[in-house]
There are 2 protein chains.
Amino acid sequence: MPLIVTGTIGIDTIETPFGKAEQVLGGSCTYFAAAASFFAPVRMVAAVGGDFDAHTRSTLARFPNVCVQGLETRADSKTFAWGGKYLDNWNTRETIFTELGVLAEAPPLTPEDYRDSKYVFLANSHPAVQRDLLGGFPDRAIAVADTMDLWIDTARDELLTLLKEVDGVVLNDQEAAQLTGHQNPLTAGKAILELGPTFAVIKKGEHGCLLVHREGNAALPAYPTETVNDPTGAGDSFGGGMMGHIARVHSDQHFGDDPVTFEMIRQGLAFGTIIASFTVEAFSLERLASLTPEELNERLDEFKAMVRLD
Amino acid sequence: MPLIVTGTIGIDTIETPFGKAEQVLGGSCTYFAAAASFFAPVRMVAAVGGDFDAHTRSTLARFPNVCVQGLETRADSKTFAWGGKYLDNWNTRETIFTELGVLAEAPPLTPEDYRDSKYVFLANSHPAVQRDLLGGFPDRAIAVADTMDLWIDTARDELLTLLKEVDGVVLNDQEAAQLTGHQNPLTAGKAILELGPTFAVIKKGEHGCLLVHREGNAALPAYPTETVNDPTGAGDSFGGGMMGHIARVHSDQHFGDDPVTFEMIRQGLAFGTIIASFTVEAFSLERLASLTPEELNERLDEFKAMVRLD
């Protein structure tokens with residue numbers, strides 16, 4: 001059963017200490033889908049404008065496991081565009097411009113064929129839109145949402161309503177602190193569970209991730225790498241790797257109403273970690289587009305050996 | 001064969017967001033020895049003054065696996081004293097006062113009985129003193145040094161000389177960047193190996209640790225905890241847990257000139273991580289002094305489960 005992701009598709013212009021990429025494919029939905037497609041078939045629900053040209057579209061086509069039937073093209077609108085600049089330490093990102101385009105219009109429609117989706121990821125967008133989309137998947141086995149500082153700040157009530165309806169939430173450490181008022185990631189994670197979800201995954205970028213789940217906790221370091229050329233999309237790729245693993249292993253091993261287990265989510269952290277470590281090696285989707293299953297498995301094995309304890 | 005540690009014993013006055021402790025036992029050598037003593041017998045070489053009273057001494061005596069034959073008491077001198085204050089985010093530490101006392105005098109003498117020590121840890125002190133002490137252990141199987149920003153800044157040449165003679169170095173991420181000029185911990189670790197050591201352990205506090213070794217790399221998260229009352233000594237405890245494990249496993253499994261392996265060091269990271277997670281739960285040595293082997297093993301097992309990948 002396929003995984004479905006809803007979120008943004010963007011045209012990014014990115015400057016890092018190592019270079020600049022103009023008008024390249026980006027967006028939360030895009031990075032998630034590309035990453036997840038290494039593990040499971042992925043459906044995407046998103047809207048783009050008439051400016052979403054054949055060249056940009058061809059980048060998406062490099063991920064054959066991504067179904068674009070739910071990609072809605074609005075000829076008279078513009079694709080969401082974002083310009084960002086990373087400073088020397090990577091930890092500070094400046095937004096240079098944001099052109100909402102289709103994001104300021106009605107949300108994309110979910111194709112009727114997609115209603116049977118079992119694994120649902122609501123990539124970052126307005127929590128009210130996320131909630132509307134969630135209602136379209138009545139047979140879901142798991143629903144996980146991402147969010148961002150903007151919505152925590154400006155749409156807190158809608159976000160709190162959404163959190164009561166999802167199984168899990170994925171967000172970074174600063175967002176977890178902003179949402180809960182707790183700087184300690186473990187305390188923040190526990191506070192998120194009080195808001196409804198069964199689990200929270202707190203992403204710490206180069207410092208790894210923490211899973212706080214009703215049945216236990218887990219933590220992993222990031223894959224240590226010297227090759228960081230563009231961190232854009234790392235968090236969305238992490239979500240894609242994690243959910244892709246969950247969709248694959250739950251489909252393979254479980255039937256009917258068997259729940260997604262703590263263990264499936266926990267193991268998913270490693271897949272998210274490794275796929276994200278490839279994403280940051282190049283601008284846009286370039287590294288994921290050239291990634292082979294052999295390279296992926298080799299790094300996964302290396303990572304497992306790095307954290308293995310007797 | 002016992003482990004030996006040389007470094008400072010201090011009388012600390014510490015203020016944290018959770019309280020204040022006045023004139024309590026501290027120092028790099030002390031935290032290291034207490035932590036390591038859970039895994040192997042530890043010898044300590046350090047000096048204290050006439051003000052090192054029976055009460056403070058009794059705290060040391062709570063670690064029966066620590067041999068204090070090498071603890072030199074100088075009746076007419078004063079023990080090294082340090083006052084520090086942690087700010088709200090734990091990452092900023094202000095030094096309130098430093099009274100060098102015996103640290104401004106000649107280094108402690110190593111007892112003749114200690115010359116056969118095989119596992120040597122040079123806890124943080126002036127690199128020239130560390131190097132002098134190192135010469136007293138001709139039969140060593142492994143020598144590891146810690147250092148700090150002060151020596152990287154003021155005694156770089158002596159530090160570079162020391163690095164050519166030790167097998168490993170343990171330091172935090174900021175110190176690694178200061179020593180090598182590289183912010184990326186993996187790049188910094190590799191640059192340290194160019195300076196002589198076979199391995200570098202880069203401590204990242206709440207973000208875990210990275211091992212860069214000629215034979216491979218390893219990484220672990222910190223043990224996620226909400227109970228941080230005083231971070232003083234966490235890094236020294238980490239070193240103690242790591243070296244204690246190395247001493248125990250090398251003594252048990254190896255004879256003669258068998259080298260300490262990458263794998264022994266790699267596994268040692270977990271022991272360092274867990275013992276440090278106890279140290280920060282209370283001021284001074286209090287938590288380590290009350291720690292039972294059962295509590296230690298329980299948390300080790302929990303940690304292994306948290307990072308285990310199929």
# chains A, B, ... in the order shown; residues from 1 in each chain; ligands from 1
call {"tool": "interface_residues", "arguments": {"of": "chain B", "to": "chain A", "cutoff": "10 Å", "atoms": "only C-alpha atoms", "output": "PyMOL selection string"}}
result
chain B and resi 88-89+183-188+204+206-211+216-228+263+266-270+300-310
call {"tool": "write_last_selection", "arguments": {"atoms": "N, CA and C atoms", "output": "CSV table (one decimal), in the first residue's frame"}}
result
chain,number,residue,atom,x,y,z
B,88,ASP,N,21.3,29.7,32.1
B,88,ASP,CA,20.1,29.0,31.9
B,88,ASP,C,20.2,27.9,30.8
B,89,ASN,N,21.0,28.1,29.8
B,89,ASN,CA,21.0,27.2,28.7
B,89,ASN,C,22.1,26.1,28.9
B,183,GLN,N,35.6,23.7,11.9
B,183,GLN,CA,34.3,23.6,12.6
B,183,GLN,C,33.7,22.2,12.5
B,184,ASN,N,33.8,21.6,11.4
B,184,ASN,CA,33.2,20.3,11.2
B,184,ASN,C,34.0,19.3,12.1
B,185,PRO,N,33.3,18.6,13.0
B,185,PRO,CA,34.0,17.7,13.9
B,185,PRO,C,34.7,16.5,13.3
B,186,LEU,N,34.2,16.0,12.2
B,186,LEU,CA,34.8,14.9,11.5
B,186,LEU,C,36.1,15.5,10.8
B,187,THR,N,36.1,16.6,10.2
B,187,THR,CA,37.3,17.2,9.6
B,187,THR,C,38.3,17.5,10.7
B,188,ALA,N,37.8,18.1,11.8
B,188,ALA,CA,38.7,18.4,12.9
B,188,ALA,C,39.4,17.1,13.4
B,204,LYS,N,30.6,16.2,22.5
B,204,LYS,CA,29.6,17.2,22.1
B,204,LYS,C,28.6,17.5,23.2
B,206,GLU,N,25.6,17.4,25.4
B,206,GLU,CA,24.2,16.9,25.2
B,206,GLU,C,24.0,16.3,23.8
B,207,HIS,N,24.9,16.5,22.9
B,207,HIS,CA,24.8,16.0,21.5
B,207,HIS,C,25.6,14.8,21.3
B,208,GLY,N,26.2,14.2,22.3
B,208,GLY,CA,26.9,12.9,22.1
B,208,GLY,C,28.3,13.1,21.8
B,209,CYS,N,28.9,12.1,21.1
B,209,CYS,CA,30.3,12.1,20.8
B,209,CYS,C,30.6,11.4,19.5
B,210,LEU,N,31.8,11.7,19.0
B,210,LEU,CA,32.3,11.2,17.7
B,210,LEU,C,33.7,10.7,18.0
B,211,LEU,N,34.0,9.5,17.5
B,211,LEU,CA,35.3,8.9,17.5
B,211,LEU,C,35.9,8.9,16.1
B,216,GLY,N,38.6,3.7,11.5
B,216,GLY,CA,37.2,4.0,11.2
B,216,GLY,C,36.6,5.0,12.2
B,217,ASN,N,35.4,5.3,12.0
B,217,ASN,CA,34.7,6.3,12.8
B,217,ASN,C,33.6,5.7,13.6
B,218,ALA,N,33.1,6.3,14.6
B,218,ALA,CA,31.9,5.9,15.3
B,218,ALA,C,31.3,7.1,15.9
B,219,ALA,N,30.0,7.0,16.2
B,219,ALA,CA,29.3,8.2,16.8
B,219,ALA,C,28.2,7.6,17.7
B,220,LEU,N,27.9,8.3,18.7
B,220,LEU,CA,26.8,8.0,19.6
B,220,LEU,C,26.1,9.3,20.1
B,221,PRO,N,24.8,9.2,20.3
B,221,PRO,CA,24.1,10.3,20.9
B,221,PRO,C,24.4,10.3,22.4
B,222,ALA,N,24.1,11.4,23.1
B,222,ALA,CA,24.1,11.4,24.5
B,222,ALA,C,22.9,10.6,25.0
B,223,TYR,N,23.0,10.1,26.3
B,223,TYR,CA,21.8,9.5,26.8
B,223,TYR,C,20.8,10.6,27.1
B,224,PRO,N,19.6,10.5,26.6
B,224,PRO,CA,18.6,11.7,26.7
B,224,PRO,C,18.2,11.7,28.2
B,225,THR,N,18.3,12.8,28.8
B,225,THR,CA,17.9,12.9,30.2
B,225,THR,C,17.3,14.3,30.5
B,226,GLU,N,16.4,14.3,31.4
B,226,GLU,CA,15.8,15.6,31.9
B,226,GLU,C,16.5,16.0,33.2
B,227,THR,N,17.3,15.2,33.8
B,227,THR,CA,17.8,15.5,35.1
B,227,THR,C,19.3,16.0,35.0
B,228,VAL,N,19.4,17.3,34.8
B,228,VAL,CA,20.7,17.9,34.7
B,228,VAL,C,20.7,18.9,35.8
B,263,GLU,N,37.8,-1.4,18.2
B,263,GLU,CA,36.6,-1.9,18.8
B,263,GLU,C,36.5,-1.6,20.3
B,266,ARG,N,35.7,2.0,20.7
B,266,ARG,CA,34.4,2.3,20.2
B,266,ARG,C,33.3,1.9,21.3
B,267,GLN,N,33.5,0.7,21.8
B,267,GLN,CA,32.5,0.3,22.8
B,267,GLN,C,32.6,1.2,24.1
B,268,GLY,N,33.9,1.6,24.3
B,268,GLY,CA,34.1,2.5,25.5
B,268,GLY,C,33.3,3.7,25.5
B,269,LEU,N,33.0,4.2,24.3
B,269,LEU,CA,32.1,5.4,24.2
B,269,LEU,C,30.8,5.3,25.0
B,270,ALA,N,30.2,4.1,24.9
B,270,ALA,CA,28.9,3.9,25.6
B,270,ALA,C,29.1,4.0,27.1
B,300,LEU,N,22.8,1.3,31.0
B,300,LEU,CA,23.5,0.8,29.8
B,300,LEU,C,22.7,0.0,28.9
B,301,ASP,N,21.9,-0.9,29.5
B,301,ASP,CA,21.0,-1.8,28.6
B,301,ASP,C,20.0,-0.9,27.9
B,302,GLU,N,19.4,0.0,28.7
B,302,GLU,CA,18.4,0.9,28.1
B,302,GLU,C,19.0,1.7,26.9
B,303,PHE,N,20.2,2.2,27.1
B,303,PHE,CA,20.9,3.0,26.1
B,303,PHE,C,21.2,2.1,24.8
B,304,LYS,N,21.6,0.9,25.1
B,304,LYS,CA,21.9,0.0,23.9
B,304,LYS,C,20.6,-0.3,23.1
B,305,ALA,N,19.5,-0.4,23.8
B,305,ALA,CA,18.2,-0.6,23.2
B,305,ALA,C,17.8,0.6,22.4
B,306,MET,N,18.2,1.8,22.9
B,306,MET,CA,17.8,3.0,22.2
B,306,MET,C,18.5,3.2,20.9
B,307,VAL,N,19.7,2.7,20.8
B,307,VAL,CA,20.5,3.0,19.6
B,307,VAL,C,20.6,1.7,18.7
B,308,ARG,N,20.0,0.6,19.1
B,308,ARG,CA,20.2,-0.6,18.4
B,308,ARG,C,19.5,-0.5,17.0
B,309,LEU,N,20.2,-0.9,16.0
B,309,LEU,CA,19.6,-1.0,14.6
B,309,LEU,C,19.7,-2.4,14.2
B,310,ASP,N,18.6,-2.9,13.5
B,310,ASP,CA,18.6,-4.3,13.0
B,310,ASP,C,19.6,-4.4,11.9
call {"tool": "select_by_dssp", "arguments": {"residues": "region 73-264 of chain B", "states": "helix (DSSP H, G or I)", "output": "PyMOL selection string"}}
result
chain B and resi 101-104+112-116+127-134+149-154+156-163+173-180+185-194+205-207+234-253+262-264
call {"tool": "residues_around", "arguments": {"residues": "Gln23 (chain B)", "least_positions_apart": "2", "cutoff": "9 Å", "atoms": "only C-alpha atoms", "output": "list in words"}}
result
Gly10, Ile11, Asp12, Thr13, Ile14, Ala21, Leu25, Gly26, Thr56, Ala81, Trp82 and Gly83 of chain B
call {"tool": "write_last_selection", "arguments": {"atoms": "N, CA and C atoms", "output": "CSV table (one decimal), in the first residue's frame"}}
result
chain,number,residue,atom,x,y,z
B,10,GLY,N,40.2,19.5,42.7
B,10,GLY,CA,39.8,20.9,43.0
B,10,GLY,C,38.8,20.9,44.1
B,11,ILE,N,38.7,22.1,44.7
B,11,ILE,CA,37.6,22.4,45.6
B,11,ILE,C,36.7,23.4,44.8
B,12,ASP,N,35.5,22.9,44.4
B,12,ASP,CA,34.7,23.7,43.5
B,12,ASP,C,33.5,24.4,44.3
B,13,THR,N,33.2,25.6,43.8
B,13,THR,CA,32.0,26.3,44.2
B,13,THR,C,31.2,26.6,43.0
B,14,ILE,N,30.0,25.9,42.9
B,14,ILE,CA,29.3,25.9,41.6
B,14,ILE,C,27.9,26.4,41.8
B,21,ALA,N,26.5,24.8,45.2
B,21,ALA,CA,27.2,23.9,46.1
B,21,ALA,C,28.5,24.6,46.4
B,25,LEU,N,34.1,18.7,46.4
B,25,LEU,CA,35.2,18.0,45.7
B,25,LEU,C,34.9,18.1,44.2
B,26,GLY,N,36.0,18.4,43.5
B,26,GLY,CA,35.9,18.4,42.0
B,26,GLY,C,37.3,18.2,41.4
B,56,THR,N,36.3,16.3,52.9
B,56,THR,CA,36.4,16.2,51.5
B,56,THR,C,37.1,14.9,51.1
B,81,ALA,N,41.4,25.7,43.7
B,81,ALA,CA,40.0,26.1,43.9
B,81,ALA,C,39.4,26.7,42.7
B,82,TRP,N,38.1,26.4,42.4
B,82,TRP,CA,37.5,27.0,41.2
B,82,TRP,C,36.0,27.3,41.5
B,83,GLY,N,35.6,28.5,41.0
B,83,GLY,CA,34.2,28.8,41.2
B,83,GLY,C,33.6,29.1,39.8
call {"tool": "residues_around", "arguments": {"residues": "region 229-232 of chain A", "least_positions_apart": "4", "cutoff": "10 Å", "atoms": "only C-alpha atoms", "output": "compact mmCIF listing (two decimals) with all heavy atoms, in the first residue's frame"}}
result
# COMPACT_ATOMS: atom_id res chain seq x y z
N ASP A 12 13.24 26.87 -5.68
CA ASP A 12 14.16 27.46 -4.71
C ASP A 12 15.33 28.18 -5.38
O ASP A 12 15.84 27.73 -6.41
CB ASP A 12 14.76 26.36 -3.81
CG ASP A 12 13.73 25.74 -2.87
OD1 ASP A 12 12.60 26.26 -2.77
OD2 ASP A 12 14.08 24.73 -2.23
N ILE A 14 18.95 29.21 -3.84
CA ILE A 14 19.68 28.94 -2.60
C ILE A 14 21.13 29.35 -2.71
O ILE A 14 21.80 29.04 -3.70
CB ILE A 14 19.60 27.44 -2.27
CG1 ILE A 14 18.14 27.05 -1.98
CG2 ILE A 14 20.47 27.09 -1.08
CD1 ILE A 14 17.89 25.59 -2.12
N GLU A 15 21.59 30.03 -1.68
CA GLU A 15 23.00 30.40 -1.63
C GLU A 15 23.61 29.80 -0.37
O GLU A 15 23.06 29.92 0.72
CB GLU A 15 23.12 31.93 -1.61
CG GLU A 15 24.49 32.42 -1.98
CD GLU A 15 24.56 33.93 -2.09
OE1 GLU A 15 23.52 34.59 -2.32
OE2 GLU A 15 25.67 34.46 -1.90
N THR A 16 24.72 29.11 -0.55
CA THR A 16 25.43 28.55 0.60
C THR A 16 26.88 29.00 0.50
O THR A 16 27.29 29.57 -0.52
CB THR A 16 25.38 27.00 0.60
OG1 THR A 16 26.39 26.49 -0.28
CG2 THR A 16 24.02 26.48 0.17
N PRO A 17 27.68 28.74 1.56
CA PRO A 17 29.09 29.10 1.45
C PRO A 17 29.79 28.40 0.29
O PRO A 17 30.90 28.77 -0.09
CB PRO A 17 29.66 28.64 2.80
CG PRO A 17 28.50 28.67 3.74
CD PRO A 17 27.32 28.27 2.91
N PHE A 18 29.14 27.37 -0.30
CA PHE A 18 29.80 26.61 -1.36
C PHE A 18 29.24 26.87 -2.75
O PHE A 18 29.62 26.22 -3.71
CB PHE A 18 29.74 25.12 -1.05
CG PHE A 18 30.53 24.77 0.17
CD1 PHE A 18 29.89 24.50 1.37
CD2 PHE A 18 31.91 24.76 0.14
CE1 PHE A 18 30.62 24.20 2.50
CE2 PHE A 18 32.66 24.47 1.28
CZ PHE A 18 32.00 24.19 2.46
N GLY A 19 28.28 27.79 -2.85
CA GLY A 19 27.77 28.05 -4.18
C GLY A 19 26.35 28.55 -4.16
O GLY A 19 25.79 28.84 -3.11
N LYS A 20 25.79 28.65 -5.36
CA LYS A 20 24.44 29.17 -5.50
C LYS A 20 23.68 28.34 -6.54
O LYS A 20 24.26 27.92 -7.54
CB LYS A 20 24.51 30.65 -5.93
CG LYS A 20 23.17 31.36 -5.91
CD LYS A 20 23.31 32.87 -6.10
CE LYS A 20 21.92 33.52 -6.10
NZ LYS A 20 21.95 34.96 -6.27
N ALA A 21 22.42 28.08 -6.25
CA ALA A 21 21.58 27.38 -7.22
C ALA A 21 20.35 28.22 -7.44
O ALA A 21 19.68 28.60 -6.48
CB ALA A 21 21.20 26.00 -6.69
N GLY A 26 12.41 22.34 -5.32
CA GLY A 26 12.47 22.16 -3.87
C GLY A 26 11.08 21.97 -3.31
O GLY A 26 10.16 21.59 -4.04
N GLY A 27 10.92 22.22 -2.01
CA GLY A 27 9.62 22.07 -1.37
C GLY A 27 9.57 20.86 -0.47
O GLY A 27 10.23 19.85 -0.73
N SER A 28 8.77 20.94 0.58
CA SER A 28 8.73 19.87 1.59
C SER A 28 8.23 18.56 1.01
O SER A 28 8.77 17.48 1.27
CB SER A 28 7.85 20.30 2.77
OG SER A 28 6.53 20.55 2.33
N TYR A 31 11.04 16.90 -1.45
CA TYR A 31 12.14 16.21 -0.77
C TYR A 31 11.65 14.94 -0.07
O TYR A 31 12.31 13.90 -0.12
CB TYR A 31 12.81 17.13 0.25
CG TYR A 31 13.80 18.11 -0.36
CD1 TYR A 31 13.51 19.45 -0.48
CD2 TYR A 31 15.04 17.66 -0.80
CE1 TYR A 31 14.41 20.35 -1.02
CE2 TYR A 31 15.96 18.54 -1.35
CZ TYR A 31 15.65 19.89 -1.46
OH TYR A 31 16.56 20.75 -2.00
N GLY A 84 16.69 31.48 -0.19
CA GLY A 84 17.31 31.40 1.12
C GLY A 84 18.82 31.43 1.03
O GLY A 84 19.40 31.10 -0.01
N LYS A 85 19.43 31.85 2.12
CA LYS A 85 20.89 31.94 2.17
C LYS A 85 21.38 31.35 3.49
O LYS A 85 20.87 31.70 4.56
CB LYS A 85 21.29 33.41 2.07
CG LYS A 85 22.78 33.66 2.08
CD LYS A 85 23.09 35.13 1.88
CE LYS A 85 24.59 35.36 1.97
NZ LYS A 85 24.95 36.75 1.69
N TYR A 86 22.35 30.45 3.40
CA TYR A 86 22.94 29.86 4.60
C TYR A 86 24.23 30.59 4.93
O TYR A 86 25.04 30.86 4.04
CB TYR A 86 23.25 28.38 4.38
CG TYR A 86 22.00 27.56 4.23
CD1 TYR A 86 21.39 27.41 2.99
CD2 TYR A 86 21.39 26.98 5.34
CE1 TYR A 86 20.21 26.69 2.85
CE2 TYR A 86 20.21 26.25 5.20
CZ TYR A 86 19.64 26.11 3.96
OH TYR A 86 18.48 25.41 3.83
N TRP A 90 26.13 27.17 8.98
CA TRP A 90 25.02 26.31 8.54
C TRP A 90 23.80 26.43 9.44
O TRP A 90 22.71 26.03 9.05
CB TRP A 90 25.40 24.83 8.49
CG TRP A 90 26.43 24.51 7.47
CD1 TRP A 90 27.67 24.03 7.70
CD2 TRP A 90 26.31 24.63 6.04
NE1 TRP A 90 28.33 23.86 6.52
CE2 TRP A 90 27.52 24.22 5.48
CE3 TRP A 90 25.29 25.06 5.20
CZ2 TRP A 90 27.75 24.21 4.13
CZ3 TRP A 90 25.52 25.05 3.84
CH2 TRP A 90 26.75 24.63 3.32
N ASN A 91 23.98 26.90 10.66
CA ASN A 91 22.85 26.87 11.59
C ASN A 91 21.94 28.07 11.43
O ASN A 91 20.85 28.10 11.97
CB ASN A 91 23.35 26.79 13.03
CG ASN A 91 24.09 25.49 13.28
OD1 ASN A 91 23.66 24.45 12.80
ND2 ASN A 91 25.20 25.56 13.98
N ARG A 93 19.86 30.39 8.82
CA ARG A 93 19.34 30.47 7.46
C ARG A 93 18.51 31.74 7.34
O ARG A 93 17.62 31.98 8.14
CB ARG A 93 18.47 29.25 7.17
CG ARG A 93 17.90 29.23 5.78
CD ARG A 93 17.33 27.87 5.45
NE ARG A 93 15.94 27.76 5.86
CZ ARG A 93 15.19 26.70 5.60
NH1 ARG A 93 15.69 25.65 4.98
NH2 ARG A 93 13.93 26.64 5.98
N GLY A 205 19.23 18.16 13.41
CA GLY A 205 20.18 18.47 12.34
C GLY A 205 21.45 17.66 12.47
O GLY A 205 21.41 16.43 12.61
N GLU A 206 22.60 18.33 12.47
CA GLU A 206 23.89 17.64 12.54
C GLU A 206 24.08 16.87 13.85
O GLU A 206 25.03 16.09 13.99
CB GLU A 206 25.03 18.66 12.40
CG GLU A 206 25.02 19.66 13.55
CD GLU A 206 26.18 20.65 13.49
OE1 GLU A 206 27.32 20.24 13.24
OE2 GLU A 206 25.92 21.85 13.72
N ASP A 236 13.01 17.23 5.59
CA ASP A 236 11.94 16.58 4.84
C ASP A 236 12.40 15.21 4.31
O ASP A 236 11.63 14.26 4.29
CB ASP A 236 11.51 17.47 3.66
CG ASP A 236 10.99 18.82 4.15
OD1 ASP A 236 10.13 18.84 5.04
OD2 ASP A 236 11.47 19.85 3.65
N SER A 237 13.67 15.14 3.91
CA SER A 237 14.22 13.85 3.47
C SER A 237 14.25 12.86 4.63
O SER A 237 13.96 11.67 4.45
CB SER A 237 15.65 14.02 2.96
OG SER A 237 15.69 14.95 1.90
N ALA A 276 18.91 11.57 4.50
CA ALA A 276 19.17 13.01 4.67
C ALA A 276 20.65 13.33 4.47
O ALA A 276 21.01 14.39 3.98
CB ALA A 276 18.70 13.47 6.04
N SER A 277 21.51 12.38 4.86
CA SER A 277 22.96 12.63 4.71
C SER A 277 23.36 12.70 3.24
O SER A 277 24.36 13.33 2.90
CB SER A 277 23.77 11.56 5.45
OG SER A 277 23.85 10.35 4.71
N PHE A 278 22.60 12.05 2.37
CA PHE A 278 22.84 12.19 0.93
C PHE A 278 22.28 13.51 0.40
O PHE A 278 22.92 14.19 -0.41
CB PHE A 278 22.24 11.02 0.16
CG PHE A 278 23.04 9.75 0.26
CD1 PHE A 278 22.58 8.67 1.00
CD2 PHE A 278 24.26 9.63 -0.39
CE1 PHE A 278 23.32 7.50 1.11
CE2 PHE A 278 25.01 8.45 -0.29
CZ PHE A 278 24.54 7.39 0.46
N THR A 279 21.08 13.86 0.86
CA THR A 279 20.42 15.09 0.37
C THR A 279 21.34 16.30 0.48
O THR A 279 21.42 17.11 -0.44
CB THR A 279 19.12 15.34 1.15
OG1 THR A 279 18.21 14.27 0.88
CG2 THR A 279 18.48 16.67 0.75
N VAL A 280 22.04 16.44 1.60
CA VAL A 280 22.83 17.64 1.86
C VAL A 280 24.13 17.70 1.05
O VAL A 280 24.81 18.72 1.05
CB VAL A 280 23.17 17.79 3.37
CG1 VAL A 280 21.89 17.83 4.20
CG2 VAL A 280 24.11 16.69 3.85
N GLU A 281 24.44 16.62 0.35
CA GLU A 281 25.70 16.60 -0.41
C GLU A 281 25.67 17.48 -1.65
O GLU A 281 26.72 17.83 -2.18
CB GLU A 281 26.06 15.16 -0.81
CG GLU A 281 26.49 14.31 0.39
CD GLU A 281 26.95 12.92 -0.03
OE1 GLU A 281 26.96 12.62 -1.24
OE2 GLU A 281 27.28 12.14 0.88
N ALA A 282 24.47 17.80 -2.15
CA ALA A 282 24.37 18.63 -3.36
C ALA A 282 23.13 19.50 -3.26
O ALA A 282 22.29 19.32 -2.40
CB ALA A 282 24.31 17.75 -4.61
N PHE A 283 23.05 20.47 -4.16
CA PHE A 283 21.88 21.34 -4.22
C PHE A 283 20.65 20.55 -4.69
O PHE A 283 20.77 19.57 -5.43
CB PHE A 283 22.14 22.50 -5.18
CG PHE A 283 23.03 23.57 -4.58
CD1 PHE A 283 24.40 23.54 -4.78
CD2 PHE A 283 22.49 24.59 -3.80
CE1 PHE A 283 25.23 24.52 -4.24
CE2 PHE A 283 23.30 25.56 -3.26
CZ PHE A 283 24.68 25.52 -3.46
N SER A 284 19.50 21.03 -4.25
CA SER A 284 18.21 20.52 -4.72
C SER A 284 18.14 18.99 -4.57
O SER A 284 18.64 18.44 -3.60
CB SER A 284 17.99 20.97 -6.18
OG SER A 284 16.74 20.57 -6.68
N LEU A 285 17.56 18.32 -5.55
CA LEU A 285 17.38 16.87 -5.49
C LEU A 285 18.52 16.13 -6.18
O LEU A 285 18.42 14.93 -6.43
CB LEU A 285 16.07 16.50 -6.20
CG LEU A 285 14.71 16.65 -5.50
CD1 LEU A 285 14.61 15.66 -4.35
CD2 LEU A 285 14.43 18.04 -4.98
call {"tool": "residues_around", "arguments": {"residues": "region 103-105 of chain B", "least_positions_apart": "6", "cutoff": "10 Å", "atoms": "only C-alpha atoms", "output": "PyMOL selection string"}}
result
chain B and resi 7-10+46-49+77-81+125-126
call {"tool": "write_last_selection", "arguments": {"atoms": "N, CA and C atoms", "output": "JSON list (two decimals), in the first residue's frame"}}
result
[["chain", "number", "residue", "atom", "x", "y", "z"],
["B", 7, "GLY", "N", 46.07, 14.49, 36.94],
["B", 7, "GLY", "CA", 45.31, 15.70, 36.64],
["B", 7, "GLY", "C", 45.08, 16.52, 37.90],
["B", 8, "THR", "N", 43.98, 17.26, 37.91],
["B", 8, "THR", "CA", 43.74, 18.16, 39.03],
["B", 8, "THR", "C", 42.71, 17.60, 40.00],
["B", 9, "ILE", "N", 42.92, 17.96, 41.27],
["B", 9, "ILE", "CA", 41.88, 17.80, 42.27],
["B", 9, "ILE", "C", 41.51, 19.22, 42.68],
["B", 10, "GLY", "N", 40.24, 19.51, 42.74],
["B", 10, "GLY", "CA", 39.83, 20.87, 43.03],
["B", 10, "GLY", "C", 38.77, 20.94, 44.10],
["B", 46, "ALA", "N", 48.03, 13.16, 41.88],
["B", 46, "ALA", "CA", 47.60, 14.55, 41.95],
["B", 46, "ALA", "C", 48.08, 15.13, 43.28],
["B", 47, "ALA", "N", 48.03, 16.46, 43.38],
["B", 47, "ALA", "CA", 48.46, 17.12, 44.61],
["B", 47, "ALA", "C", 47.31, 17.93, 45.19],
["B", 48, "VAL", "N", 47.26, 17.96, 46.52],
["B", 48, "VAL", "CA", 46.29, 18.81, 47.22],
["B", 48, "VAL", "C", 47.05, 19.58, 48.31],
["B", 49, "GLY", "N", 46.37, 20.57, 48.90],
["B", 49, "GLY", "CA", 47.00, 21.37, 49.94],
["B", 49, "GLY", "C", 46.58, 20.94, 51.33],
["B", 77, "SER", "N", 50.54, 24.35, 51.41],
["B", 77, "SER", "CA", 49.95, 24.88, 50.18],
["B", 77, "SER", "C", 48.43, 24.80, 50.25],
["B", 78, "LYS", "N", 47.82, 25.36, 49.22],
["B", 78, "LYS", "CA", 46.36, 25.29, 49.15],
["B", 78, "LYS", "C", 45.92, 24.45, 47.95],
["B", 79, "THR", "N", 44.83, 23.76, 48.10],
["B", 79, "THR", "CA", 44.27, 22.98, 47.01],
["B", 79, "THR", "C", 43.75, 23.93, 45.92],
["B", 80, "PHE", "N", 43.86, 23.49, 44.68],
["B", 80, "PHE", "CA", 43.29, 24.24, 43.56],
["B", 80, "PHE", "C", 41.81, 24.49, 43.83],
["B", 81, "ALA", "N", 41.38, 25.73, 43.66],
["B", 81, "ALA", "CA", 39.97, 26.05, 43.91],
["B", 81, "ALA", "C", 39.39, 26.75, 42.69],
["B", 125, "SER", "N", 45.68, 19.22, 32.13],
["B", 125, "SER", "CA", 46.62, 20.12, 32.84],
["B", 125, "SER", "C", 47.61, 20.63, 31.79],
["B", 126, "HIS", "N", 48.60, 21.38, 32.19],
["B", 126, "HIS", "CA", 49.53, 21.94, 31.22],
["B", 126, "HIS", "C", 50.19, 20.81, 30.42]]
call {"tool": "residues_around", "arguments": {"residues": "Phe271 (chain B)", "least_positions_apart": "5", "cutoff": "9 Å", "atoms": "only C-alpha atoms", "output": "list in words"}}
result
Phe238, Gly240, Gly241, Met242, Met243, Gly244, His245, Ala276 and Leu300 of chain B
